[in-house]
$ cat start_31.csv   # CSV, N, CA and C atoms
chain,number,residue,atom,x,y,z
P,244,MET,N,0.8,-1.2,0.0
P,244,MET,CA,0.0,0.0,0.0
P,244,MET,C,0.9,1.2,0.0
P,245,ALA,N,0.4,2.3,-0.6
P,245,ALA,CA,1.1,3.5,-0.7
P,245,ALA,C,1.1,4.2,0.7
P,246,LYS,N,2.3,4.8,1.0
P,246,LYS,CA,2.4,5.5,2.3
P,246,LYS,C,1.5,6.7,2.4
P,247,GLN,N,0.7,6.9,3.5
P,247,GLN,CA,-0.2,7.9,3.6
P,247,GLN,C,0.0,8.7,4.9
P,248,ALA,N,-0.5,10.0,4.9
P,248,ALA,CA,-0.5,10.7,6.2
P,248,ALA,C,-1.6,10.2,7.0
P,249,ASN,N,-1.5,10.4,8.3
P,249,ASN,CA,-2.5,9.9,9.3
P,249,ASN,C,-3.9,10.4,9.0
P,250,ASN,N,-4.1,11.5,8.4
P,250,ASN,CA,-5.4,12.1,8.1
P,250,ASN,C,-5.9,11.9,6.7
P,251,SER,N,-5.4,10.8,6.1
P,251,SER,CA,-5.9,10.5,4.7
P,251,SER,C,-6.2,9.0,4.6
P,252,ILE,N,-6.9,8.7,3.6
P,252,ILE,CA,-7.3,7.3,3.3
P,252,ILE,C,-6.2,6.6,2.7
P,253,PRO,N,-5.8,5.4,3.2
P,253,PRO,CA,-4.7,4.6,2.5
P,253,PRO,C,-5.1,4.2,1.1
P,254,VAL,N,-4.1,4.1,0.2
P,254,VAL,CA,-4.4,3.8,-1.2
P,254,VAL,C,-3.7,2.5,-1.5
P,255,LEU,N,-4.4,1.6,-2.1
P,255,LEU,CA,-3.8,0.3,-2.6
P,255,LEU,C,-3.6,0.5,-4.1
P,256,ILE,N,-2.3,0.3,-4.5
P,256,ILE,CA,-1.9,0.5,-5.9
P,256,ILE,C,-1.3,-0.7,-6.5
P,257,TYR,N,-1.7,-1.0,-7.7
P,257,TYR,CA,-1.1,-2.1,-8.5
P,257,TYR,C,-0.2,-1.5,-9.6
P,258,ARG,N,-0.8,-0.9,-10.6
P,258,ARG,CA,-0.1,-0.3,-11.7
P,258,ARG,C,-0.4,1.2,-11.9
P,259,TYR,N,-1.3,1.7,-11.2
P,259,TYR,CA,-1.8,3.1,-11.5
P,259,TYR,C,-0.6,4.1,-11.3
P,260,GLN,N,-0.4,5.0,-12.3
P,260,GLN,CA,0.6,6.0,-12.2
P,260,GLN,C,0.2,7.4,-12.5
P,261,GLY,N,-1.1,7.6,-12.5
P,261,GLY,CA,-1.7,8.9,-12.9
P,261,GLY,C,-1.7,9.9,-11.8
P,262,PRO,N,-2.5,11.0,-11.9
P,262,PRO,CA,-2.6,12.0,-10.9
P,262,PRO,C,-3.1,11.5,-9.6
P,263,LYS,N,-2.8,12.1,-8.5
P,263,LYS,CA,-3.2,11.6,-7.1
P,263,LYS,C,-4.7,11.7,-7.0
P,264,ARG,N,-5.4,12.7,-7.5
P,264,ARG,CA,-6.8,12.8,-7.4
P,264,ARG,C,-7.4,12.4,-8.7
P,265,ASN,N,-8.0,11.2,-8.7
P,265,ASN,CA,-8.5,10.6,-9.9
P,265,ASN,C,-9.7,9.7,-9.6
P,266,ILE,N,-10.2,9.1,-10.6
P,266,ILE,CA,-11.4,8.2,-10.5
P,266,ILE,C,-11.0,6.9,-9.8
P,267,GLY,N,-11.8,6.5,-8.9
P,267,GLY,CA,-11.6,5.2,-8.2
P,267,GLY,C,-12.7,4.9,-7.2
P,268,PHE,N,-12.4,4.1,-6.2
P,268,PHE,CA,-13.4,3.5,-5.3
P,268,PHE,C,-12.9,3.5,-3.9
P,269,HIS,N,-13.7,4.0,-3.0
P,269,HIS,CA,-13.5,4.0,-1.6
P,269,HIS,C,-14.1,2.8,-1.0
P,270,LEU,N,-13.4,2.1,-0.2
P,270,LEU,CA,-14.0,0.9,0.5
P,270,LEU,C,-14.0,1.2,2.0
P,271,SER,N,-15.1,0.9,2.7
P,271,SER,CA,-15.2,1.1,4.1
P,271,SER,C,-16.1,0.1,4.7
P,272,PRO,N,-15.7,-0.4,5.9
P,272,PRO,CA,-16.5,-1.4,6.6
P,272,PRO,C,-17.8,-0.7,7.1
P,273,PHE,N,-18.9,-1.5,7.2
P,273,PHE,CA,-20.1,-1.0,7.7
P,273,PHE,C,-20.7,-2.1,8.7
P,274,ASN,N,-21.5,-1.5,9.6
P,274,ASN,CA,-22.4,-2.3,10.4
P,274,ASN,C,-23.8,-1.7,10.2
P,275,LYS,N,-24.8,-2.5,10.4
P,275,LYS,CA,-26.2,-1.9,10.3
P,275,LYS,C,-26.3,-0.8,11.3
P,276,GLU,N,-27.2,0.1,11.0
P,276,GLU,CA,-27.3,1.4,11.7
P,276,GLU,C,-27.1,1.4,13.2
P,277,GLU,N,-27.8,0.4,13.9
P,277,GLU,CA,-27.7,0.4,15.3
P,277,GLU,C,-26.4,0.1,15.9
P,278,ASN,N,-25.5,-0.6,15.1
P,278,ASN,CA,-24.2,-1.0,15.5
P,278,ASN,C,-23.1,-0.1,14.9
P,279,GLN,N,-23.4,0.8,14.0
P,279,GLN,CA,-22.5,1.6,13.3
P,279,GLN,C,-21.7,2.5,14.2
P,280,THR,N,-20.4,2.5,14.1
P,280,THR,CA,-19.6,3.5,14.8
P,280,THR,C,-18.9,4.3,13.7
P,281,GLU,N,-18.3,5.5,14.1
P,281,GLU,CA,-17.7,6.3,13.1
P,281,GLU,C,-16.4,5.6,12.6
P,282,ILE,N,-16.2,5.7,11.3
P,282,ILE,CA,-15.1,5.0,10.6
P,282,ILE,C,-14.0,6.0,10.4
P,283,SER,N,-12.8,5.6,10.9
P,283,SER,CA,-11.6,6.5,10.7
P,283,SER,C,-11.0,6.3,9.3
P,284,PHE,N,-10.3,7.3,8.9
P,284,PHE,CA,-9.6,7.2,7.6
P,284,PHE,C,-8.7,5.9,7.5
P,285,LYS,N,-8.1,5.5,8.6
P,285,LYS,CA,-7.2,4.4,8.5
P,285,LYS,C,-7.9,3.1,8.3
P,286,ASP,N,-9.2,3.1,8.6
P,286,ASP,CA,-10.1,1.9,8.3
P,286,ASP,C,-10.7,1.8,7.0
P,287,MET,N,-10.4,2.8,6.1
P,287,MET,CA,-10.9,2.9,4.8
P,287,MET,C,-9.8,2.6,3.8
P,288,LEU,N,-10.1,2.4,2.6
P,288,LEU,CA,-9.2,2.1,1.5
P,288,LEU,C,-9.6,2.7,0.2
P,289,PHE,N,-8.7,3.2,-0.6
P,289,PHE,CA,-9.0,3.8,-1.9
P,289,PHE,C,-8.2,3.0,-2.9
P,290,ILE,N,-8.9,2.6,-4.0
P,290,ILE,CA,-8.2,1.9,-5.1
P,290,ILE,C,-8.6,2.7,-6.4
P,291,TYR,N,-7.6,3.1,-7.2
P,291,TYR,CA,-7.9,3.8,-8.5
P,291,TYR,C,-8.6,2.8,-9.4
P,292,ASN,N,-9.4,3.4,-10.3
P,292,ASN,CA,-10.3,2.6,-11.2
P,292,ASN,C,-9.4,1.7,-12.0
P,293,GLU,N,-8.3,2.1,-12.5
P,293,GLU,CA,-7.4,1.3,-13.4
P,293,GLU,C,-7.0,0.0,-12.6
P,294,ASP,N,-6.8,0.1,-11.4
P,294,ASP,CA,-6.4,-1.1,-10.6
P,294,ASP,C,-7.6,-1.9,-10.1
P,295,PHE,N,-8.7,-1.2,-9.9
P,295,PHE,CA,-9.9,-1.8,-9.4
P,295,PHE,C,-10.5,-2.7,-10.5
P,296,ASN,N,-10.1,-2.5,-11.7
P,296,ASN,CA,-10.5,-3.4,-12.8
P,296,ASN,C,-10.2,-4.9,-12.6
P,297,TYR,N,-9.2,-5.1,-11.8
P,297,TYR,CA,-8.8,-6.5,-11.5
P,297,TYR,C,-9.7,-7.1,-10.4
P,298,ILE,N,-10.4,-6.3,-9.7
P,298,ILE,CA,-11.3,-6.7,-8.6
P,298,ILE,C,-12.8,-6.7,-9.0
P,299,ARG,N,-13.1,-5.8,-9.8
P,299,ARG,CA,-14.5,-5.5,-10.2
P,299,ARG,C,-15.2,-6.8,-10.8
P,300,PRO,N,-14.6,-7.6,-11.6
P,300,PRO,CA,-15.3,-8.7,-12.1
P,300,PRO,C,-15.8,-9.7,-11.0
P,301,LEU,N,-15.1,-9.7,-9.9
P,301,LEU,CA,-15.5,-10.6,-8.8
P,301,LEU,C,-16.7,-10.0,-8.1
P,302,LEU,N,-16.9,-8.7,-8.2
P,302,LEU,CA,-18.1,-8.1,-7.6
P,302,LEU,C,-19.3,-8.2,-8.6
P,303,ASP,N,-19.0,-7.9,-9.9
P,303,ASP,CA,-20.0,-7.8,-10.9
P,303,ASP,C,-20.8,-9.1,-11.0
P,304,LYS,N,-20.2,-10.2,-10.9
P,304,LYS,CA,-20.9,-11.5,-11.1
P,304,LYS,C,-21.8,-11.9,-9.9
P,305,ARG,N,-21.7,-11.1,-8.8
P,305,ARG,CA,-22.6,-11.4,-7.7
P,305,ARG,C,-23.9,-10.6,-7.7
P,306,PHE,N,-24.0,-9.7,-8.7
P,306,PHE,CA,-25.2,-9.0,-8.8
P,306,PHE,C,-26.2,-9.7,-9.7
P,307,PRO,N,-27.5,-9.6,-9.5
P,307,PRO,CA,-28.2,-8.7,-8.5
P,307,PRO,C,-28.0,-9.2,-7.1
P,308,MET,N,-28.1,-8.3,-6.1
P,308,MET,CA,-28.1,-8.6,-4.7
P,308,MET,C,-29.0,-7.7,-4.0
P,309,ILE,N,-29.3,-8.0,-2.7
P,309,ILE,CA,-30.1,-7.2,-1.9
P,309,ILE,C,-29.3,-6.2,-1.1
P,310,HIS,N,-29.8,-4.9,-1.2
P,310,HIS,CA,-29.2,-3.8,-0.5
P,310,HIS,C,-29.4,-4.1,1.0
P,311,PRO,N,-28.4,-4.2,1.9
P,311,PRO,CA,-28.6,-4.5,3.3
P,311,PRO,C,-29.3,-3.5,4.1
P,312,TYR,N,-29.4,-2.3,3.7
P,312,TYR,CA,-30.1,-1.2,4.4
P,312,TYR,C,-31.6,-1.1,4.0
P,313,THR,N,-31.8,-1.1,2.7
P,313,THR,CA,-33.1,-0.8,2.1
P,313,THR,C,-33.9,-2.1,1.8
P,314,MET,N,-33.2,-3.2,1.7
P,314,MET,CA,-33.7,-4.5,1.3
P,314,MET,C,-34.2,-4.5,-0.2
P,315,GLU,N,-33.9,-3.5,-0.9
P,315,GLU,CA,-34.2,-3.4,-2.4
P,315,GLU,C,-33.2,-4.2,-3.2
P,316,THR,N,-33.5,-4.6,-4.4
P,316,THR,CA,-32.6,-5.3,-5.2
P,316,THR,C,-31.7,-4.3,-5.9
P,317,MET,N,-30.4,-4.5,-5.8
P,317,MET,CA,-29.4,-3.8,-6.6
P,317,MET,C,-29.1,-4.7,-7.8
P,318,ASN,N,-29.4,-4.2,-9.0
P,318,ASN,CA,-29.3,-5.0,-10.2
P,318,ASN,C,-27.9,-5.1,-10.7
P,319,GLN,N,-27.1,-4.1,-10.4
P,319,GLN,CA,-25.7,-4.1,-10.9
P,319,GLN,C,-24.8,-3.2,-10.1
P,320,PHE,N,-23.5,-3.4,-10.2
P,320,PHE,CA,-22.6,-2.6,-9.4
P,320,PHE,C,-22.7,-1.1,-10.0
P,321,ASP,N,-22.7,-0.2,-9.1
P,321,ASP,CA,-22.9,1.2,-9.5
P,321,ASP,C,-21.5,2.0,-9.3
P,322,PRO,N,-20.8,2.3,-10.3
P,322,PRO,CA,-19.5,3.0,-10.2
P,322,PRO,C,-19.6,4.4,-9.7
P,323,CYS,N,-20.8,5.0,-9.6
P,323,CYS,CA,-21.0,6.4,-9.2
P,323,CYS,C,-21.6,6.5,-7.8
P,324,TRP,N,-21.9,5.4,-7.1
P,324,TRP,CA,-22.6,5.6,-5.9
P,324,TRP,C,-22.2,4.5,-4.9
P,325,ASP,N,-22.9,4.3,-3.8
P,325,ASP,CA,-22.5,3.3,-2.8
P,325,ASP,C,-23.0,1.9,-3.2
P,326,ASN,N,-22.2,0.9,-2.8
P,326,ASN,CA,-22.5,-0.5,-3.1
P,326,ASN,C,-22.2,-1.2,-1.8
P,327,PRO,N,-23.2,-1.3,-0.8
P,327,PRO,CA,-22.9,-2.0,0.4
P,327,PRO,C,-23.0,-3.5,0.1
P,328,ILE,N,-22.0,-4.2,0.4
P,328,ILE,CA,-21.9,-5.6,0.1
P,328,ILE,C,-21.7,-6.4,1.4
P,329,GLY,N,-22.6,-7.3,1.7
P,329,GLY,CA,-22.5,-8.1,3.0
P,329,GLY,C,-21.4,-9.0,3.1
P,330,LYS,N,-21.1,-9.4,4.4
P,330,LYS,CA,-20.0,-10.2,4.8
P,330,LYS,C,-20.0,-11.6,4.0
P,331,GLU,N,-21.2,-12.2,3.9
P,331,GLU,CA,-21.2,-13.5,3.2
P,331,GLU,C,-20.7,-13.4,1.8
P,332,ILE,N,-21.1,-12.4,1.1
P,332,ILE,CA,-20.7,-12.2,-0.3
P,332,ILE,C,-19.2,-12.0,-0.3
P,333,TRP,N,-18.7,-11.1,0.6
P,333,TRP,CA,-17.2,-10.9,0.6
P,333,TRP,C,-16.5,-12.2,0.9
P,334,MET,N,-17.0,-13.0,1.8
P,334,MET,CA,-16.3,-14.3,2.1
P,334,MET,C,-16.2,-15.1,0.8
P,335,ASP,N,-17.3,-15.1,0.0
P,335,ASP,CA,-17.2,-15.9,-1.3
P,335,ASP,C,-16.2,-15.3,-2.2
P,336,ILE,N,-16.1,-13.9,-2.3
P,336,ILE,CA,-15.1,-13.3,-3.1
P,336,ILE,C,-13.7,-13.6,-2.6
P,337,LEU,N,-13.5,-13.6,-1.3
P,337,LEU,CA,-12.2,-13.9,-0.8
P,337,LEU,C,-11.8,-15.3,-1.1
P,338,ALA,N,-12.7,-16.3,-1.0
P,338,ALA,CA,-12.4,-17.7,-1.4
P,338,ALA,C,-12.0,-17.8,-2.8
P,339,GLU,N,-12.7,-17.0,-3.7
P,339,GLU,CA,-12.4,-17.1,-5.1
P,339,GLU,C,-11.0,-16.5,-5.3
P,340,LEU,N,-10.7,-15.4,-4.6
P,340,LEU,CA,-9.4,-14.8,-4.8
P,340,LEU,C,-8.3,-15.8,-4.4
P,341,GLN,N,-8.5,-16.5,-3.4
P,341,GLN,CA,-7.5,-17.5,-2.9
P,341,GLN,C,-7.2,-18.6,-3.9
P,342,GLN,N,-8.2,-18.9,-4.8
P,342,GLN,CA,-8.1,-20.0,-5.7
P,342,GLN,C,-7.4,-19.5,-7.0
P,343,GLN,N,-7.3,-18.2,-7.2
P,343,GLN,CA,-6.6,-17.7,-8.4
P,343,GLN,C,-5.1,-17.8,-8.2
P,344,ASN,N,-4.4,-18.3,-9.2
P,344,ASN,CA,-3.0,-18.4,-9.2
P,344,ASN,C,-2.5,-18.3,-10.6
P,345,GLY,N,-1.2,-18.2,-10.7
P,345,GLY,CA,-0.6,-18.2,-12.1
P,345,GLY,C,-0.4,-16.8,-12.6
P,346,GLU,N,-1.0,-15.8,-11.9
P,346,GLU,CA,-0.8,-14.4,-12.4
P,346,GLU,C,0.6,-13.9,-12.0
P,347,GLU,N,0.9,-12.8,-12.6
P,347,GLU,CA,2.2,-12.2,-12.3
P,347,GLU,C,2.4,-11.9,-10.8
P,348,GLU,N,3.6,-11.9,-10.3
P,348,GLU,CA,3.9,-11.8,-8.9
P,348,GLU,C,3.4,-10.4,-8.3
P,349,GLU,N,3.5,-9.3,-9.1
P,349,GLU,CA,3.1,-8.0,-8.6
P,349,GLU,C,1.6,-8.0,-8.5
P,350,LEU,N,0.9,-8.6,-9.4
P,350,LEU,CA,-0.6,-8.7,-9.3
P,350,LEU,C,-1.0,-9.5,-8.1
P,351,GLN,N,-0.3,-10.6,-7.9
P,351,GLN,CA,-0.6,-11.5,-6.7
P,351,GLN,C,-0.5,-10.7,-5.4
P,352,LEU,N,0.6,-9.9,-5.3
P,352,LEU,CA,0.8,-9.1,-4.1
P,352,LEU,C,-0.3,-8.1,-3.9
P,353,PHE,N,-0.7,-7.4,-5.0
P,353,PHE,CA,-1.8,-6.5,-4.9
P,353,PHE,C,-3.1,-7.2,-4.4
P,354,LEU,N,-3.4,-8.3,-5.0
P,354,LEU,CA,-4.6,-9.1,-4.6
P,354,LEU,C,-4.5,-9.6,-3.2
P,355,GLN,N,-3.3,-10.0,-2.8
P,355,GLN,CA,-3.2,-10.5,-1.4
P,355,GLN,C,-3.4,-9.4,-0.4
P,356,GLN,N,-2.9,-8.2,-0.7
P,356,GLN,CA,-3.0,-7.0,0.2
P,356,GLN,C,-4.5,-6.7,0.2
P,357,PHE,N,-5.2,-6.8,-0.9
P,357,PHE,CA,-6.7,-6.5,-0.9
P,357,PHE,C,-7.4,-7.6,0.0
P,358,HIS,N,-7.0,-8.8,-0.2
P,358,HIS,CA,-7.6,-9.9,0.6
P,358,HIS,C,-7.4,-9.7,2.1
P,359,THR,N,-6.2,-9.3,2.4
P,359,THR,CA,-5.9,-9.1,3.9
P,359,THR,C,-6.7,-7.9,4.4
P,360,TRP,N,-6.8,-6.8,3.7
P,360,TRP,CA,-7.5,-5.7,4.1
P,360,TRP,C,-9.0,-6.0,4.4
P,361,ILE,N,-9.6,-6.7,3.4
P,361,ILE,CA,-11.0,-7.1,3.5
P,361,ILE,C,-11.2,-8.0,4.7
P,362,SER,N,-10.3,-9.0,4.8
P,362,SER,CA,-10.4,-10.0,5.9
P,362,SER,C,-10.4,-9.4,7.3
P,363,GLU,N,-9.4,-8.4,7.4
P,363,GLU,CA,-9.2,-7.8,8.7
P,363,GLU,C,-10.5,-6.9,9.0
P,364,ARG,N,-11.0,-6.2,8.1
P,364,ARG,CA,-12.2,-5.4,8.4
P,364,ARG,C,-13.4,-6.2,8.7
P,365,LEU,N,-13.6,-7.3,8.0
P,365,LEU,CA,-14.8,-8.2,8.2
P,365,LEU,C,-14.8,-8.9,9.6
P,366,GLN,N,-13.7,-8.8,10.3
P,366,GLN,CA,-13.6,-9.4,11.6
P,366,GLN,C,-14.6,-8.6,12.6
P,367,SER,N,-14.8,-7.4,12.3
P,367,SER,CA,-15.7,-6.6,13.2
P,367,SER,C,-16.8,-5.8,12.4
P,368,ALA,N,-17.0,-6.2,11.2
P,368,ALA,CA,-18.0,-5.5,10.4
P,368,ALA,C,-19.0,-6.5,9.7
P,369,GLU,N,-20.1,-6.0,9.4
P,369,GLU,CA,-21.1,-6.8,8.7
P,369,GLU,C,-21.0,-6.8,7.2
P,370,GLY,N,-20.1,-5.9,6.7
P,370,GLY,CA,-19.9,-5.9,5.3
P,370,GLY,C,-18.9,-4.7,4.9
P,371,ILE,N,-18.6,-4.6,3.6
P,371,ILE,CA,-17.8,-3.5,3.1
P,371,ILE,C,-18.6,-2.8,2.1
P,372,GLU,N,-18.6,-1.5,2.2
P,372,GLU,CA,-19.3,-0.7,1.2
P,372,GLU,C,-18.2,-0.1,0.2
P,373,VAL,N,-18.5,-0.3,-1.1
P,373,VAL,CA,-17.7,0.2,-2.1
P,373,VAL,C,-18.4,1.4,-2.8
P,374,THR,N,-17.7,2.6,-2.7
P,374,THR,CA,-18.3,3.8,-3.3
P,374,THR,C,-17.5,4.3,-4.4
P,375,GLY,N,-18.0,4.5,-5.6
P,375,GLY,CA,-17.3,5.0,-6.7
P,375,GLY,C,-17.4,6.6,-6.7
P,376,ASN,N,-16.4,7.2,-7.3
P,376,ASN,CA,-16.4,8.7,-7.4
P,376,ASN,C,-16.4,9.1,-8.8
P,377,LEU,N,-17.0,8.3,-9.7
P,377,LEU,CA,-17.1,8.6,-11.1
P,377,LEU,C,-18.0,9.8,-11.4
$ encode --input "start_31.csv" --output "C-alpha cells"
Amino acid sequence: MAKQANNSIPVLIYRYQGPKRNIGFHLSPFNKEENQTEISFKDMLFIYNEDFNYIRPLLDKRFPMIHPYTMETMNQFDPCWDNPIGKEIWMDILAELQQQNGEEEELQLFLQQFHTWISERLQSAEGIEVTGNL
C-alpha cells in the first residue's frame, strides 16, 4: 500500500501511475445502523479505477443482490454511488481470490493485500461498502 499521512485514506496501488486525485473507489466497513460507529480514515481504503478493474469482475458477477439497508434489489454494481456488500458475499469473493494463481507476482501481491484488508475489516464489520467517485 502507498504510504499515507494519518489524516488521509490509505491507497492500494497495483499499476496506477496517474494524478493523485482521480477516479476510483473508496472501501469502508459497515455495520447496520444500530451498531455503526464512526469510521476513521485508517479503516478505509482507496483503489484507483485502473487497478480496481482487477477486482470488479469478482463483484459484478454477484449482482443482482439485496441492499442490506433498504432491502431493495441492486441490479448491478454502481460505479458512481454506494454499493454495500454483505460479509457473506465478501467471504465468497475472498475464497475465489485465494483460488486464483498463475498471475504475475506483482498482481498477486496487490490481490493478497486486498484480501488481507477485507479479511481484517470483516472481523468486526457486517460488510464492506464500495463507493465510486465517477
$ residues_around --input "start_31.csv" --residues "segment 350-353 of chain P" --least-positions-apart "4" --cutoff "7 Å" --atoms "all atoms listed in the file" --output "tab-separated table (two decimals) with N, CA and C atoms, in the frame of the given file"
chain	number	residue	atom	x	y	z
P	256	ILE	N	-2.30	0.30	-4.50
P	256	ILE	CA	-1.90	0.50	-5.90
P	256	ILE	C	-1.30	-0.70	-6.50
P	257	TYR	N	-1.70	-1.00	-7.70
P	257	TYR	CA	-1.10	-2.10	-8.50
P	257	TYR	C	-0.20	-1.50	-9.60
P	346	GLU	N	-1.00	-15.80	-11.90
P	346	GLU	CA	-0.80	-14.40	-12.40
P	346	GLU	C	0.60	-13.90	-12.00
P	357	PHE	N	-5.20	-6.80	-0.90
P	357	PHE	CA	-6.70	-6.50	-0.90
P	357	PHE	C	-7.40	-7.60	0.00
P	358	HIS	N	-7.00	-8.80	-0.20
P	358	HIS	CA	-7.60	-9.90	0.60
P	358	HIS	C	-7.40	-9.70	2.10
$ residues_around --input "start_31.csv" --residues "Ile282 of chain P" --least-positions-apart "4" --cutoff "8 Å" --atoms "only N, CA and C atoms" --output "list in words"
Ser271, Pro272, Asp286 and Met287 of chain P
$ residues_around --input "start_31.csv" --residues "segment 321-335 of chain P" --least-positions-apart "6" --cutoff "8 Å" --atoms "only C-alpha atoms" --output "PyMOL selection string"
chain P and resi 268+273+305+310-311+361+365+368-377
$ select_by_dssp --input "start_31.csv" --residues "chain P" --states "strand (DSSP E or B)" --output "MDAnalysis selection string"
chainID P and resid 245 254 267:273 288:291 308:309 316:317 325:329 370:375
$ atom_distance --input "start_31.csv" --atom1 "atom CA of Phe320 of chain P" --atom2 "atom CA of Phe306 of chain P"
6.9 Å
$ atom_distance --input "start_31.csv" --atom1 "atom C of Leu302 of chain P" --atom2 "atom CA of Asn318 of chain P"
10.6 Å
$ atom_distance --input "start_31.csv" --atom1 "atom C of Met308 of chain P" --atom2 "atom N of Leu340 of chain P"
19.9 Å
$ closest_residue --input "start_31.csv" --among "P:Thr359, P:Arg258, P:Gln366, P:Glu348" --to "Asn296 of chain P" --atoms "only C-alpha atoms"
P:Arg258
$ select_by_dssp --input "start_31.csv" --residues "chain P" --states "helix (DSSP H, G or I)" --output "PyMOL selection string"
chain P and resi 276-278+284-286+292-295+299-303+330-342+348-365
